[in-house]
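**Q** There's a structure below that I have some questions on.
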Amino acid sequence: MSSIDELMMKEALREAEAARSEGEVPIGAVVVAKGRIIGRGHNMTERLHDPTAHAEMIALTAATEAMGGKYLNDCTLYVTVEPCPMCAAALCWAQVGRIVYGAPDPKRGYSLYSPSLLHPRTEIAAGIMGDTCGKLVADFFKEKR
């Protein structure tokens with residue numbers, strides 16, 4: 001794990017904490033280009049009454065706006081939990097160059113359904129600060145029960 005990966009995952013965790021403070025499932029994401037964050041997002045499905053308002057989708061929209069185009073070939077998405085199939089497909093269409101995620105999602109992660117949802121050139125790094133990311137989600141659901 002590089003120091004930039006850890007630093008950016010900490011930024012994604014800040015977004016996840018923002019989601020948690022709003023009563024949302026605590027997942028956060030940031031998109032990075034040339035060492036700079038160009039998009040941030042956290043789950044907003046409850047606030048927006050929108051099942052597509054996942055952290056990745058919010059960050060992806062912000063990043064494409066910042067880039068002035070729909071392709072993010074030279075960007076890295078950092079997300080605290082493995083993307084779902086919907087987000088993986090959107091990341092494919094955006095041709096995100098690299099995806100770094102913390103905790104796996106054993107119930108809804110894209111890799112359970114179809115690892116080929118991602119663009120063939122997209123690089124994946126899994127498990128970056130995975131214990132911390134996974135604990136945040138697990139604690140959220142324990143509190144809900």
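Every chain in the structure tokens has a letter given in the order shown (A, B, ...), and although residue numbers restart at 1 in each chain, ligands are simply numbered from 1 in the order shown.
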Any idea what's packed within 8 Å of range 75-80 of chain A, counting only C-alpha atoms, ignoring anything in its chain fewer than 3 positions away? Could you give it as a ChimeraX atom specification?
**A** /A:5,8-9,12-13,16,27-34,55-56,72,83,96-103,130,133-134
**Q** Would you return as a list of chain:residue names the members of range 44-82 of chain A that DSSP assigns to strand (DSSP E or B) on this structure's backbone?
**A**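 DSSP on the backbone gives strand (DSSP E or B) at A:Cys75, A:Thr76, A:Leu77, A:Tyr78, A:Val79, A:Thr80, A:Val81.
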**Q** Within 8 Å of Pro104 in chain A, counting only C-alpha atoms, which residues qualify if same-chain residues fewer than 4 places away don't, as a list in words?
**A**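 What passes the distance filter is Val81, Glu82, Gly109, Ala126, Gly127, Gly130 and Gly134 of chain A.
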**Q** Interatomic distance between CA of Ala94 in chain A and CA of Leu136 in chain A?
**A**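 Taking CA of Ala94 in chain A as the start and CA of Leu136 in chain A as the end point, the length is 27.9 Å.
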**Q** Give me the residues near Ala66 in chain A as a PDB file with all heavy atoms, in the first residue's frame, where near means some atom within 8 Å (using only C-alpha atoms) and where sequence neighbours in that chain fewer than 2 positions away do not count.
**A**
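As a result, selection_9.pdb now contains:
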```pdb
ATOM      1  N   ILE A  38     -10.682  15.473  -7.241  1.00  0.00           N
ATOM      2  CA  ILE A  38     -11.534  16.229  -8.161  1.00  0.00           C
ATOM      3  C   ILE A  38     -13.013  15.887  -7.982  1.00  0.00           C
ATOM      4  O   ILE A  38     -13.868  16.495  -8.625  1.00  0.00           O
ATOM      5  CB  ILE A  38     -11.117  16.024  -9.632  1.00  0.00           C
ATOM      6  CG1 ILE A  38     -11.226  14.545 -10.032  1.00  0.00           C
ATOM      7  CG2 ILE A  38      -9.708  16.567  -9.867  1.00  0.00           C
ATOM      8  CD1 ILE A  38     -11.145  14.311 -11.517  1.00  0.00           C
ATOM      9  N   GLY A  39     -13.296  14.908  -7.145  1.00  0.00           N
ATOM     10  CA  GLY A  39     -14.682  14.540  -6.876  1.00  0.00           C
ATOM     11  C   GLY A  39     -14.792  13.859  -5.531  1.00  0.00           C
ATOM     12  O   GLY A  39     -13.924  13.075  -5.158  1.00  0.00           O
ATOM     13  N   ALA A  62     -19.241  14.454  -9.823  1.00  0.00           N
ATOM     14  CA  ALA A  62     -18.404  15.615  -9.500  1.00  0.00           C
ATOM     15  C   ALA A  62     -17.100  15.586 -10.299  1.00  0.00           C
ATOM     16  O   ALA A  62     -16.644  16.618 -10.809  1.00  0.00           O
ATOM     17  CB  ALA A  62     -18.115  15.658  -8.004  1.00  0.00           C
ATOM     18  N   ALA A  63     -16.509  14.405 -10.442  1.00  0.00           N
ATOM     19  CA  ALA A  63     -15.232  14.285 -11.147  1.00  0.00           C
ATOM     20  C   ALA A  63     -15.375  14.551 -12.645  1.00  0.00           C
ATOM     21  O   ALA A  63     -14.530  15.244 -13.234  1.00  0.00           O
ATOM     22  CB  ALA A  63     -14.637  12.900 -10.915  1.00  0.00           C
ATOM     23  N   THR A  64     -16.417  14.026 -13.258  1.00  0.00           N
ATOM     24  CA  THR A  64     -16.584  14.269 -14.693  1.00  0.00           C
ATOM     25  C   THR A  64     -16.874  15.749 -14.955  1.00  0.00           C
ATOM     26  O   THR A  64     -16.426  16.300 -15.960  1.00  0.00           O
ATOM     27  CB  THR A  64     -17.679  13.372 -15.311  1.00  0.00           C
ATOM     28  OG1 THR A  64     -18.904  13.533 -14.594  1.00  0.00           O
ATOM     29  CG2 THR A  64     -17.249  11.913 -15.297  1.00  0.00           C
ATOM     30  N   GLY A  68     -14.533  18.045 -17.192  1.00  0.00           N
ATOM     31  CA  GLY A  68     -15.144  18.566 -18.407  1.00  0.00           C
ATOM     32  C   GLY A  68     -15.386  17.500 -19.459  1.00  0.00           C
ATOM     33  O   GLY A  68     -15.456  17.780 -20.649  1.00  0.00           O
TER      34      GLY A  68
END
```
**Q** Choose the residue, out of A:Ile4, A:Leu112, A:Ile37, A:Leu118, that has the smallest atom-to-atom separation from Ala90 in chain A; count only C-alpha atoms.
**A**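 The shortest atom-to-atom distance to Ala90 in chain A comes from A:Leu118.
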**Q** Among range 8-100 of chain A, which ones does DSSP assign to alpha helix (DSSP H) (computed from the backbone)? Answer as a PyMOL selection string.
**A** chain A and resi 8-21+45-48+55-67+85-93
**Q** Could you dump the residues just selected with N, CA and C atoms as a compact mmCIF listing (two decimals), in the first residue's frame?
**A**
```txt
# COMPACT_ATOMS: atom_id res chain seq x y z
N MET A 8 -5.56 8.95 0.58
CA MET A 8 -6.81 9.15 -0.14
C MET A 8 -7.94 8.28 0.44
N MET A 9 -7.59 7.10 0.95
CA MET A 9 -8.63 6.28 1.59
C MET A 9 -9.11 6.98 2.87
N LYS A 10 -8.22 7.67 3.55
CA LYS A 10 -8.64 8.44 4.73
C LYS A 10 -9.63 9.54 4.33
N GLU A 11 -9.43 10.12 3.16
CA GLU A 11 -10.38 11.12 2.65
C GLU A 11 -11.73 10.46 2.35
N ALA A 12 -11.71 9.27 1.77
CA ALA A 12 -12.95 8.53 1.51
C ALA A 12 -13.64 8.18 2.83
N LEU A 13 -12.86 7.85 3.85
CA LEU A 13 -13.43 7.57 5.18
C LEU A 13 -14.07 8.81 5.78
N ARG A 14 -13.51 9.97 5.52
CA ARG A 14 -14.15 11.22 5.99
C ARG A 14 -15.53 11.37 5.35
N GLU A 15 -15.62 11.05 4.08
CA GLU A 15 -16.91 11.09 3.40
C GLU A 15 -17.87 10.07 4.00
N ALA A 16 -17.35 8.89 4.32
CA ALA A 16 -18.19 7.85 4.93
C ALA A 16 -18.73 8.32 6.28
N GLU A 17 -17.89 9.00 7.05
CA GLU A 17 -18.33 9.54 8.34
C GLU A 17 -19.42 10.59 8.14
N ALA A 18 -19.31 11.40 7.08
CA ALA A 18 -20.35 12.39 6.78
C ALA A 18 -21.67 11.68 6.48
N ALA A 19 -21.61 10.58 5.74
CA ALA A 19 -22.82 9.81 5.46
C ALA A 19 -23.43 9.30 6.76
N ARG A 20 -22.60 8.74 7.61
CA ARG A 20 -23.07 8.20 8.89
C ARG A 20 -23.74 9.29 9.73
N SER A 21 -23.16 10.46 9.76
CA SER A 21 -23.73 11.54 10.56
C SER A 21 -25.09 12.00 10.02
N THR A 45 -28.69 8.24 -0.50
CA THR A 45 -29.94 7.64 -0.97
C THR A 45 -31.15 8.04 -0.15
N GLU A 46 -30.98 8.18 1.15
CA GLU A 46 -32.10 8.57 2.01
C GLU A 46 -32.44 10.05 1.82
N ARG A 47 -31.44 10.88 1.86
CA ARG A 47 -31.65 12.34 1.73
C ARG A 47 -32.30 12.69 0.40
N LEU A 48 -31.81 12.08 -0.68
CA LEU A 48 -32.31 12.42 -2.01
C LEU A 48 -33.48 11.54 -2.46
N ALA A 55 -22.27 6.60 -3.04
CA ALA A 55 -21.06 7.42 -2.91
C ALA A 55 -20.29 7.51 -4.22
N GLU A 56 -20.13 6.37 -4.88
CA GLU A 56 -19.37 6.35 -6.14
C GLU A 56 -20.04 7.21 -7.21
N MET A 57 -21.36 7.14 -7.29
CA MET A 57 -22.09 7.89 -8.32
C MET A 57 -21.96 9.39 -8.08
N ILE A 58 -22.05 9.80 -6.82
CA ILE A 58 -21.93 11.22 -6.48
C ILE A 58 -20.51 11.71 -6.82
N ALA A 59 -19.51 10.94 -6.42
CA ALA A 59 -18.11 11.32 -6.69
C ALA A 59 -17.82 11.31 -8.19
N LEU A 60 -18.36 10.34 -8.90
CA LEU A 60 -18.17 10.23 -10.35
C LEU A 60 -18.74 11.45 -11.07
N THR A 61 -19.93 11.86 -10.69
CA THR A 61 -20.55 13.04 -11.29
C THR A 61 -19.71 14.28 -11.05
N ALA A 62 -19.24 14.45 -9.82
CA ALA A 62 -18.40 15.62 -9.50
C ALA A 62 -17.10 15.59 -10.30
N ALA A 63 -16.51 14.41 -10.44
CA ALA A 63 -15.23 14.29 -11.15
C ALA A 63 -15.38 14.55 -12.64
N THR A 64 -16.42 14.03 -13.26
CA THR A 64 -16.58 14.27 -14.69
C THR A 64 -16.87 15.75 -14.96
N GLU A 65 -17.59 16.38 -14.04
CA GLU A 65 -17.82 17.83 -14.15
C GLU A 65 -16.49 18.58 -14.06
N ALA A 66 -15.66 18.20 -13.10
CA ALA A 66 -14.36 18.86 -12.92
C ALA A 66 -13.45 18.65 -14.13
N MET A 67 -13.53 17.47 -14.74
CA MET A 67 -12.69 17.15 -15.90
C MET A 67 -13.25 17.72 -17.20
N PRO A 85 -22.85 -3.72 -8.36
CA PRO A 85 -22.90 -3.85 -9.83
C PRO A 85 -23.31 -2.56 -10.55
N MET A 86 -24.25 -1.80 -10.00
CA MET A 86 -24.67 -0.55 -10.64
C MET A 86 -23.50 0.42 -10.74
N CYS A 87 -22.78 0.59 -9.63
CA CYS A 87 -21.65 1.52 -9.61
C CYS A 87 -20.51 1.01 -10.49
N ALA A 88 -20.27 -0.29 -10.47
CA ALA A 88 -19.21 -0.87 -11.30
C ALA A 88 -19.50 -0.60 -12.78
N ALA A 89 -20.75 -0.74 -13.19
CA ALA A 89 -21.10 -0.49 -14.58
C ALA A 89 -20.88 0.99 -14.93
N ALA A 90 -21.27 1.89 -14.03
CA ALA A 90 -21.05 3.32 -14.28
C ALA A 90 -19.55 3.63 -14.36
N LEU A 91 -18.77 3.00 -13.49
CA LEU A 91 -17.32 3.21 -13.51
C LEU A 91 -16.71 2.68 -14.81
N CYS A 92 -17.32 1.62 -15.34
CA CYS A 92 -16.89 1.09 -16.64
C CYS A 92 -17.15 2.11 -17.74
N TRP A 93 -18.37 2.66 -17.76
CA TRP A 93 -18.71 3.64 -18.80
C TRP A 93 -17.81 4.87 -18.71
```
